>>> print(open('final_5.cif').read())   # mmCIF, C-alpha atoms
data_input
#
loop_
_atom_site.group_PDB
_atom_site.id
_atom_site.type_symbol
_atom_site.label_atom_id
_atom_site.label_comp_id
_atom_site.auth_asym_id
_atom_site.auth_seq_id
_atom_site.Cartn_x
_atom_site.Cartn_y
_atom_site.Cartn_z
ATOM 1 C CA MET A 1 -10.364 -32.789 64.879
ATOM 2 C CA ILE A 2 -11.036 -35.876 62.821
ATOM 3 C CA ASP A 3 -7.318 -36.591 62.581
ATOM 4 C CA THR A 4 -6.919 -36.273 66.351
ATOM 5 C CA LEU A 5 -9.725 -38.756 66.891
ATOM 6 C CA CYS A 6 -8.329 -41.045 64.187
ATOM 7 C CA ASP A 7 -4.886 -41.019 65.821
ATOM 8 C CA GLN A 8 -6.450 -42.124 69.075
ATOM 9 C CA ALA A 9 -8.924 -44.526 67.524
ATOM 10 C CA GLY A 10 -6.375 -47.201 66.732
ATOM 11 C CA ASP A 11 -6.010 -48.381 70.299
ATOM 12 C CA GLN A 12 -9.601 -47.731 71.340
ATOM 13 C CA ASN A 13 -11.465 -49.921 68.888
ATOM 14 C CA SER A 14 -13.606 -47.051 67.759
ATOM 15 C CA THR A 15 -14.885 -45.775 64.465
ATOM 16 C CA ILE A 16 -15.160 -42.245 63.073
ATOM 17 C CA ALA A 17 -17.529 -40.728 60.539
ATOM 18 C CA PHE A 18 -17.614 -37.109 59.452
ATOM 19 C CA PHE A 19 -19.591 -34.739 57.295
ATOM 20 C CA TYR A 20 -19.007 -31.184 56.055
ATOM 21 C CA PHE A 21 -22.013 -29.059 55.213
ATOM 22 C CA ASP A 22 -21.552 -26.563 52.426
ATOM 23 C CA PHE A 23 -24.184 -24.071 51.342
ATOM 24 C CA THR A 24 -22.947 -24.138 47.729
ATOM 25 C CA VAL A 25 -24.103 -27.757 47.381
ATOM 26 C CA GLN A 26 -26.983 -27.560 49.876
ATOM 27 C CA LYS A 27 -29.589 -29.329 47.774
ATOM 28 C CA GLY A 28 -27.615 -32.550 47.431
ATOM 29 C CA GLN A 29 -26.993 -32.722 51.188
ATOM 30 C CA SER A 30 -30.384 -34.205 52.073
ATOM 31 C CA PRO A 31 -30.900 -35.999 55.411
ATOM 32 C CA ALA A 32 -30.823 -39.402 53.663
ATOM 33 C CA ASN A 33 -27.628 -38.583 51.758
ATOM 34 C CA THR A 34 -25.965 -37.100 54.828
ATOM 35 C CA MET A 35 -26.892 -39.851 57.272
ATOM 36 C CA GLY A 36 -26.207 -42.391 54.512
ATOM 37 C CA SER A 37 -22.724 -40.979 54.138
ATOM 38 C CA LEU A 38 -22.086 -41.422 57.875
ATOM 39 C CA LEU A 39 -23.346 -45.005 57.719
ATOM 40 C CA LYS A 40 -21.236 -45.659 54.630
ATOM 41 C CA GLN A 41 -18.093 -44.608 56.510
ATOM 42 C CA VAL A 42 -18.939 -46.739 59.549
ATOM 43 C CA VAL A 43 -19.767 -49.781 57.422
ATOM 44 C CA GLY A 44 -16.781 -49.163 55.137
ATOM 45 C CA GLY A 45 -14.500 -49.475 58.150
ATOM 46 C CA LEU A 46 -15.832 -52.912 59.085
ATOM 47 C CA GLU A 47 -14.277 -56.093 57.772
ATOM 48 C CA GLU A 48 -17.646 -57.467 56.755
ATOM 49 C CA ILE A 49 -20.844 -55.716 55.749
ATOM 50 C CA PRO A 50 -23.370 -56.336 58.567
ATOM 51 C CA GLU A 51 -26.194 -58.743 57.720
ATOM 52 C CA GLU A 52 -28.813 -56.067 58.393
ATOM 53 C CA VAL A 53 -27.234 -53.716 55.835
ATOM 54 C CA SER A 54 -26.887 -56.290 53.043
ATOM 55 C CA GLN A 55 -30.441 -57.535 53.645
ATOM 56 C CA THR A 56 -31.850 -54.013 53.419
ATOM 57 C CA TYR A 57 -29.815 -53.533 50.235
ATOM 58 C CA GLN A 58 -31.137 -56.761 48.685
ATOM 59 C CA LYS A 59 -34.716 -55.727 49.459
ATOM 60 C CA GLN A 60 -34.484 -52.157 48.190
ATOM 61 C CA LYS A 61 -31.939 -52.139 45.361
ATOM 62 C CA LYS A 62 -34.479 -52.998 42.668
ATOM 63 C CA GLY A 63 -36.235 -49.642 42.832
ATOM 64 C CA GLY A 64 -32.978 -48.004 41.780
ATOM 65 C CA ARG A 65 -33.264 -45.647 44.725
ATOM 66 C CA GLY A 66 -31.110 -45.121 47.752
ATOM 67 C CA PRO A 67 -32.115 -46.260 51.248
ATOM 68 C CA GLN A 68 -34.896 -44.532 53.193
ATOM 69 C CA LEU A 69 -33.864 -42.246 56.065
ATOM 70 C CA SER A 70 -35.706 -44.427 58.591
ATOM 71 C CA ASP A 71 -33.760 -47.500 57.441
ATOM 72 C CA ILE A 72 -30.452 -45.633 57.569
ATOM 73 C CA VAL A 73 -31.196 -44.554 61.149
ATOM 74 C CA LYS A 74 -32.031 -48.152 62.130
ATOM 75 C CA MET A 75 -28.829 -49.466 60.558
ATOM 76 C CA LEU A 76 -26.757 -46.742 62.229
ATOM 77 C CA GLN A 77 -28.394 -47.500 65.583
ATOM 78 C CA THR A 78 -27.255 -51.099 65.318
ATOM 79 C CA THR A 79 -23.738 -50.475 64.006
ATOM 80 C CA SER A 80 -22.964 -47.595 66.371
ATOM 81 C CA SER A 81 -24.009 -49.606 69.422
ATOM 82 C CA LYS A 82 -21.495 -52.343 68.533
ATOM 83 C CA ALA A 83 -18.347 -50.177 68.416
ATOM 84 C CA ARG A 84 -17.661 -46.790 69.944
ATOM 85 C CA THR A 85 -18.596 -44.298 67.248
ATOM 86 C CA PHE A 86 -17.508 -40.685 66.831
ATOM 87 C CA ILE A 87 -19.537 -38.500 64.467
ATOM 88 C CA CYS A 88 -18.186 -35.084 63.417
ATOM 89 C CA ILE A 89 -20.432 -32.611 61.642
ATOM 90 C CA ASP A 90 -19.013 -29.346 60.377
ATOM 91 C CA ALA A 91 -20.886 -26.111 59.559
ATOM 92 C CA ILE A 92 -24.344 -27.334 60.497
ATOM 93 C CA ASP A 93 -25.671 -23.811 59.899
ATOM 94 C CA GLU A 94 -25.006 -24.351 56.180
ATOM 95 C CA CYS A 95 -27.545 -27.184 56.086
ATOM 96 C CA VAL A 96 -31.050 -26.361 54.706
ATOM 97 C CA PRO A 97 -33.248 -25.624 57.812
ATOM 98 C CA GLU A 98 -35.850 -28.292 56.890
ATOM 99 C CA TYR A 99 -33.085 -30.856 56.424
ATOM 100 C CA ARG A 100 -31.469 -29.832 59.694
ATOM 101 C CA VAL A 101 -34.611 -30.657 61.685
ATOM 102 C CA LYS A 102 -34.587 -34.202 60.280
ATOM 103 C CA LEU A 103 -30.849 -34.575 60.696
ATOM 104 C CA LEU A 104 -30.908 -33.577 64.383
ATOM 105 C CA ASP A 105 -33.909 -35.809 64.973
ATOM 106 C CA SER A 106 -32.031 -38.725 63.384
ATOM 107 C CA LEU A 107 -28.953 -38.082 65.537
ATOM 108 C CA ASN A 108 -31.174 -37.985 68.616
ATOM 109 C CA LYS A 109 -32.594 -41.404 67.723
ATOM 110 C CA ILE A 110 -29.107 -42.811 67.371
ATOM 111 C CA LEU A 111 -28.140 -41.472 70.796
ATOM 112 C CA GLN A 112 -31.279 -42.963 72.345
ATOM 113 C CA ASN A 113 -30.134 -46.351 71.151
ATOM 114 C CA SER A 114 -26.400 -46.025 71.673
ATOM 115 C CA PRO A 115 -25.699 -43.368 74.305
ATOM 116 C CA GLY A 116 -21.942 -44.063 74.095
ATOM 117 C CA THR A 117 -21.796 -42.495 70.636
ATOM 118 C CA ARG A 118 -20.014 -39.103 70.630
ATOM 119 C CA ILE A 119 -21.127 -36.318 68.308
ATOM 120 C CA PHE A 120 -19.037 -33.234 67.584
ATOM 121 C CA VAL A 121 -20.804 -30.374 65.817
ATOM 122 C CA THR A 122 -19.567 -26.968 64.664
ATOM 123 C CA GLY A 123 -21.668 -24.036 63.526
ATOM 124 C CA ARG A 124 -22.310 -20.337 63.891
ATOM 125 C CA PRO A 125 -23.575 -19.114 67.286
ATOM 126 C CA HIS A 126 -27.144 -18.382 66.124
ATOM 127 C CA ILE A 127 -27.775 -22.088 65.617
ATOM 128 C CA ARG A 128 -26.991 -22.987 69.226
ATOM 129 C CA PRO A 129 -30.564 -22.742 70.660
ATOM 130 C CA GLU A 130 -31.825 -25.036 67.895
ATOM 131 C CA ILE A 131 -29.152 -27.665 68.581
ATOM 132 C CA GLU A 132 -29.814 -27.533 72.321
ATOM 133 C CA LYS A 133 -33.558 -27.841 71.785
ATOM 134 C CA ARG A 134 -33.464 -30.731 69.327
ATOM 135 C CA LEU A 135 -30.844 -32.676 71.261
ATOM 136 C CA LEU A 136 -32.284 -31.724 74.615
ATOM 137 C CA GLY A 137 -30.171 -32.552 77.626
ATOM 138 C CA ARG A 138 -27.283 -33.982 75.622
ATOM 139 C CA VAL A 139 -25.370 -30.896 74.532
ATOM 140 C CA THR A 140 -22.280 -29.212 75.967
ATOM 141 C CA SER A 141 -21.561 -25.926 74.187
ATOM 142 C CA LEU A 142 -18.237 -24.199 73.723
ATOM 143 C CA SER A 143 -17.551 -21.009 71.871
ATOM 144 C CA ILE A 144 -14.497 -20.565 69.720
ATOM 145 C CA ASN A 145 -12.860 -17.200 69.258
ATOM 146 C CA ALA A 146 -9.930 -16.570 66.998
ATOM 147 C CA GLU A 147 -7.301 -16.852 69.677
ATOM 148 C CA ARG A 148 -4.275 -14.661 69.469
ATOM 149 C CA ASP A 149 -1.822 -17.580 69.372
ATOM 150 C CA ASP A 150 -3.719 -19.290 66.593
ATOM 151 C CA MET A 151 -3.828 -16.084 64.658
ATOM 152 C CA ILE A 152 -0.078 -15.473 64.934
ATOM 153 C CA ARG A 153 0.684 -19.054 63.886
ATOM 154 C CA TYR A 154 -1.605 -18.683 60.930
ATOM 155 C CA LEU A 155 -0.068 -15.365 59.850
ATOM 156 C CA GLU A 156 3.441 -16.784 60.196
ATOM 157 C CA SER A 157 2.628 -19.742 58.037
ATOM 158 C CA ARG A 158 1.093 -17.501 55.378
ATOM 159 C CA LEU A 159 4.131 -15.211 55.390
ATOM 160 C CA GLU A 160 6.355 -18.272 54.959
ATOM 161 C CA GLU A 161 4.509 -19.050 51.755
ATOM 162 C CA ASP A 162 5.040 -15.551 50.360
ATOM 163 C CA THR A 163 6.073 -15.861 46.713
ATOM 164 C CA THR A 164 8.034 -12.587 46.784
ATOM 165 C CA PRO A 165 9.998 -12.851 50.049
ATOM 166 C CA ASP A 166 12.380 -10.031 49.081
ATOM 167 C CA ALA A 167 9.555 -7.500 49.199
ATOM 168 C CA MET A 168 9.341 -7.897 52.973
ATOM 169 C CA ASP A 169 12.056 -7.264 55.515
ATOM 170 C CA GLY A 170 12.179 -8.337 59.163
ATOM 171 C CA ILE A 171 10.719 -5.053 60.382
ATOM 172 C CA LEU A 172 7.651 -5.251 58.158
ATOM 173 C CA LYS A 173 7.125 -8.885 59.126
ATOM 174 C CA ALA A 174 7.285 -8.074 62.844
ATOM 175 C CA GLU A 175 4.856 -5.224 62.313
ATOM 176 C CA ILE A 176 2.363 -7.453 60.509
ATOM 177 C CA LEU A 177 2.550 -10.017 63.276
ATOM 178 C CA ARG A 178 1.995 -7.356 65.921
ATOM 179 C CA LYS A 179 -0.663 -5.185 64.294
ATOM 180 C CA ILE A 180 -3.122 -7.638 62.793
ATOM 181 C CA PRO A 181 -3.804 -9.620 65.983
ATOM 182 C CA GLU A 182 -4.054 -6.311 67.882
ATOM 183 C CA ARG A 183 -6.629 -4.895 65.489
ATOM 184 C CA ILE A 184 -8.649 -8.072 65.522
ATOM 185 C CA SER A 185 -8.733 -8.342 69.296
ATOM 186 C CA GLU A 186 -9.707 -4.657 69.490
ATOM 187 C CA MET A 187 -12.592 -5.375 67.158
ATOM 188 C CA TYR A 188 -13.528 -8.335 69.266
ATOM 189 C CA VAL A 189 -13.511 -6.324 72.510
ATOM 190 C CA LEU A 190 -15.664 -3.607 70.920
ATOM 191 C CA TRP A 191 -18.093 -6.173 69.652
ATOM 192 C CA LYS A 192 -18.322 -7.825 73.079
ATOM 193 C CA GLN A 193 -18.982 -4.501 74.795
ATOM 194 C CA HIS A 194 -21.610 -3.727 72.215
ATOM 195 C CA LEU A 195 -23.455 -6.905 73.109
ATOM 196 C CA ARG A 196 -23.585 -6.145 76.816
ATOM 197 C CA MET B 1 0.057 -84.358 35.345
ATOM 198 C CA SER B 2 -1.930 -82.404 32.817
ATOM 199 C CA GLN B 3 -5.162 -83.299 34.613
ATOM 200 C CA SER B 4 -4.004 -82.060 37.963
ATOM 201 C CA PHE B 5 -2.728 -78.861 36.424
ATOM 202 C CA SER B 6 -6.083 -78.101 34.862
ATOM 203 C CA HIS B 7 -7.819 -78.887 38.154
ATOM 204 C CA ASN B 8 -5.648 -76.333 39.919
ATOM 205 C CA VAL B 9 -6.442 -73.708 37.357
ATOM 206 C CA ASN B 10 -10.143 -74.363 37.789
ATOM 207 C CA SER B 11 -9.991 -74.052 41.531
ATOM 208 C CA LEU B 12 -8.036 -70.823 41.192
ATOM 209 C CA ASN B 13 -10.678 -69.501 38.840
ATOM 210 C CA THR B 14 -13.445 -70.409 41.245
ATOM 211 C CA ASN B 15 -11.732 -68.669 44.134
ATOM 212 C CA TYR B 16 -11.139 -65.632 42.034
ATOM 213 C CA THR B 17 -14.791 -65.396 40.953
ATOM 214 C CA VAL B 18 -16.112 -65.794 44.502
ATOM 215 C CA ASN B 19 -13.802 -63.128 45.887
ATOM 216 C CA PHE B 20 -14.613 -60.831 43.050
ATOM 217 C CA THR B 21 -18.379 -61.136 43.635
ATOM 218 C CA VAL B 22 -18.041 -60.427 47.348
ATOM 219 C CA ALA B 23 -15.849 -57.386 46.722
ATOM 220 C CA ASP B 24 -18.195 -56.201 44.010
ATOM 221 C CA ASP B 25 -21.223 -56.535 46.283
ATOM 222 C CA ARG B 26 -19.419 -54.647 48.991
ATOM 223 C CA SER B 27 -18.691 -51.663 46.760
ATOM 224 C CA ASN B 28 -22.245 -51.770 45.354
ATOM 225 C CA ILE B 29 -23.688 -51.657 48.865
ATOM 226 C CA LEU B 30 -21.406 -48.796 49.910
ATOM 227 C CA ALA B 31 -22.278 -46.828 46.771
ATOM 228 C CA TRP B 32 -25.967 -47.456 47.418
ATOM 229 C CA LEU B 33 -25.764 -46.103 50.988
ATOM 230 C CA SER B 34 -24.889 -42.579 49.830
ATOM 231 C CA PRO B 35 -23.651 -40.828 46.705
ATOM 232 C CA LEU B 36 -21.684 -38.327 48.818
ATOM 233 C CA ASP B 37 -18.003 -38.640 49.617
ATOM 234 C CA PRO B 38 -16.668 -36.166 52.177
ATOM 235 C CA SER B 39 -13.108 -37.502 52.119
ATOM 236 C CA SER B 40 -11.849 -35.188 49.340
ATOM 237 C CA ARG B 41 -13.014 -32.157 51.323
ATOM 238 C CA HIS B 42 -11.277 -33.559 54.393
ATOM 239 C CA GLN B 43 -7.997 -33.890 52.479
ATOM 240 C CA ASP B 44 -8.354 -30.321 51.245
ATOM 241 C CA ILE B 45 -8.793 -29.029 54.802
ATOM 242 C CA ARG B 46 -5.914 -31.142 56.046
ATOM 243 C CA ASP B 47 -3.644 -29.590 53.396
ATOM 244 C CA ARG B 48 -4.585 -26.047 54.341
ATOM 245 C CA ARG B 49 -4.508 -26.533 58.108
ATOM 246 C CA VAL B 50 -1.727 -25.126 60.218
ATOM 247 C CA GLU B 51 -0.603 -27.657 62.808
ATOM 248 C CA ILE B 52 -1.551 -26.933 66.427
ATOM 249 C CA VAL B 53 -4.333 -24.478 65.519
ATOM 250 C CA GLY B 54 -7.124 -25.036 67.993
ATOM 251 C CA GLU B 55 -4.969 -27.085 70.314
ATOM 252 C CA TRP B 56 -6.417 -25.213 73.296
ATOM 253 C CA LEU B 57 -9.829 -26.723 72.548
ATOM 254 C CA LEU B 58 -8.508 -30.247 72.843
ATOM 255 C CA GLN B 59 -7.197 -29.350 76.310
ATOM 256 C CA THR B 60 -10.508 -28.037 77.654
ATOM 257 C CA GLU B 61 -12.428 -29.941 80.294
ATOM 258 C CA GLU B 62 -15.506 -29.888 78.051
ATOM 259 C CA PHE B 63 -13.676 -31.673 75.240
ATOM 260 C CA ARG B 64 -12.066 -34.232 77.549
ATOM 261 C CA ASN B 65 -15.339 -35.054 79.262
ATOM 262 C CA TRP B 66 -17.053 -35.410 75.915
ATOM 263 C CA GLN B 67 -14.354 -37.668 74.500
ATOM 264 C CA ALA B 68 -14.096 -39.871 77.585
ATOM 265 C CA GLY B 69 -17.834 -40.080 78.287
ATOM 266 C CA SER B 70 -19.769 -43.267 77.786
ATOM 267 C CA GLY B 71 -23.327 -44.454 78.019
ATOM 268 C CA GLU B 72 -22.963 -45.622 81.593
ATOM 269 C CA ASP B 73 -22.444 -42.208 83.098
ATOM 270 C CA GLY B 74 -25.352 -40.803 81.150
ATOM 271 C CA SER B 75 -25.631 -39.472 77.642
ATOM 272 C CA ASP B 76 -25.850 -35.926 78.983
ATOM 273 C CA ASN B 77 -22.595 -34.931 77.299
ATOM 274 C CA ALA B 78 -22.869 -36.978 74.108
ATOM 275 C CA VAL B 79 -22.903 -33.892 71.899
ATOM 276 C CA LEU B 80 -20.211 -31.207 71.886
ATOM 277 C CA PHE B 81 -21.299 -28.112 70.000
ATOM 278 C CA CYS B 82 -18.588 -25.609 69.089
ATOM 279 C CA SER B 83 -19.874 -22.295 67.913
ATOM 280 C CA GLY B 84 -17.973 -19.453 66.366
ATOM 281 C CA ASN B 85 -18.370 -16.771 63.777
ATOM 282 C CA PRO B 86 -17.150 -17.294 60.222
ATOM 283 C CA GLY B 87 -13.388 -17.432 59.928
ATOM 284 C CA VAL B 88 -12.453 -18.278 63.516
ATOM 285 C CA GLY B 89 -11.147 -21.655 62.455
ATOM 286 C CA LYS B 90 -13.828 -24.142 63.566
ATOM 287 C CA THR B 91 -13.255 -26.328 60.543
ATOM 288 C CA TYR B 92 -9.509 -26.399 61.040
ATOM 289 C CA ILE B 93 -9.401 -27.698 64.605
ATOM 290 C CA ARG B 94 -6.963 -30.547 64.514
#
>>> encode(input="final_5.cif", output="structure tokens")
Amino acid sequence: MIDTLCDQAGDQNSTIAFFYFDFTVQKGQSPANTMGSLLKQVVGGLEEIPEEVSQTYQKQKKGGRGPQLSDIVKMLQTTSSKARTFICIDAIDECVPEYRVKLLDSLNKILQNSPGTRIFVTGRPHIRPEIEKRLLGRVTSLSINAERDDMIRYLESRLEEDTTPDAMDGILKAEILRKIPERISEMYVLWKQHLR
Amino acid sequence: MSQSFSHNVNSLNTNYTVNFTVADDRSNILAWLSPLDPSSRHQDIRDRRVEIVGEWLLQTEEFRNWQAGSGEDGSDNAVLFCSGNPGVGKTYIR
């Protein structure tokens, strides 16, 4: 996703920032650290550090602490309104719920100021109502299912990497490629019917 | 001759110091903004990703509208939320 946007960014004068949530390091992924990381990527891509950012740094560096969330949001509002900005956030369900409220609120503030900014978010389905509520009126939702084609491509690439290729003949390989996607789509159909 | 040589060295030194301070400030500011660096995780995902996985998503109308949208035609599609259960490949969309 990020690479696709990056490939296209060159001729569009746009900037991309991304973040991956991970429940194993949840505590360190505070709203200030997360939003700060996005700002760091946007600023890092500019030739010069914006005046607003270096002034905030000069004022706050003495305390030995990082920037406040409210300042980060202000700085992101300014920088993202100057160039088209894409923000990608992965696995938002792995973010601490209290942090997530602040994160979504911060993103909403950025969109209020620079509505051209594009935000791509992935997460498990149960998080969808929360996203739609916090970013009211701005969200388009799509659901991803493990598509058969993707699955076959994935299996093929894993079989290619097999360290003992002699253990598998063409027949076994064909059977693996046929049976696994079948089983999975059967499970998926059952699950869908169960929900109805 | 010797004088002009030493003058040149001095001016080189000055330039070097100025550039160094600016670069140093830049990295200090960036480090101050956040201690987190998601780029190593991105590289890890890139290495494990199978090309073309999730290509269908990039062809959907929802994705195209989101990508092309701008502030002028409303911020109503500024956020694209992709949901899926664990293991469907959300992270690996190219």
>>> resolve_selection(input="final_5.cif", expression="the PyMOL selection byres ((chain A and resi 97) around 12)", output="list of chain:residue names")
A:Phe23, A:Gln26, A:Lys27, A:Gln29, A:Ser30, A:Pro31, A:Ile92, A:Asp93, A:Glu94, A:Cys95, A:Val96, A:Glu98, A:Tyr99, A:Arg100, A:Val101, A:Lys102, A:Leu103, A:Leu104, A:Ile127, A:Glu130, A:Ile131
>>> atom_distance(input="final_5.cif", atom1="atom CA of Gly63 of chain A", atom2="atom CA of Ala31 of chain B")
14.8 Å
>>> residues_around(input="final_5.cif", residues="Tyr20 of chain A", least_positions_apart="6", cutoff="10 Å", atoms="all atoms listed in the file", output="PyMOL selection string")
(chain A and resi 29+34+88-92+94-95+121-122) or (chain B and resi 37-39+41-42+91)
>>> atom_distance(input="final_5.cif", atom1="atom CA of Met75 of chain A", atom2="atom CA of Lys62 of chain A")
19.1 Å
>>> residues_around(input="final_5.cif", residues="Ala78 of chain B", least_positions_apart="2", cutoff="12 Å", atoms="all atoms listed in the file", output="MDAnalysis selection string")
(chainID A and resid 84:88 107:108 110:112 114:121 132 135:141) or (chainID B and resid 62:76 80:81)
>>> atom_distance(input="final_5.cif", atom1="atom CA of Gln59 of chain B", atom2="atom CA of Gly84 of chain B")
17.7 Å
>>> closest_residue(input="final_5.cif", among="A:Pro165, A:Pro50, A:Pro125, A:Gly45", to="chain B", atoms="only C-alpha atoms")
A:Pro125
>>> residues_near_point(input="final_5.cif", point="(-22.1, -38.1, 54.1)", cutoff="7 Å", atoms="all atoms listed in the file", output="list of chain:residue names")
A:Phe19, A:Asn33, A:Thr34, A:Met35, A:Gly36, A:Ser37, A:Leu38, B:Ser34, B:Leu36, B:Asp37, B:Pro38
>>> closest_residue(input="final_5.cif", among="A:Leu69, A:Ile16, A:Ala83, A:Ile144", to="chain B", atoms="only C-alpha atoms")
A:Ile144
>>> closest_residue(input="final_5.cif", among="A:Arg178, A:Lys173, A:Arg153, A:Lys59", to="chain B", atoms="only C-alpha atoms")
A:Arg153
>>> closest_residue(input="final_5.cif", among="A:Gln60, A:Arg124, A:Ser106, A:Thr164", to="chain B", atoms="all atoms listed in the file")
A:Arg124
>>> closest_residue(input="final_5.cif", among="A:Gly123, A:Gly28, A:Pro129, A:Gly64", to="chain B", atoms="all atoms listed in the file")
A:Gly123
>>> closest_residue(input="final_5.cif", among="B:Pro35, B:Asn77, B:Asn85, B:Asp25", to="Gln41 of chain A", atoms="only C-alpha atoms")
B:Pro35
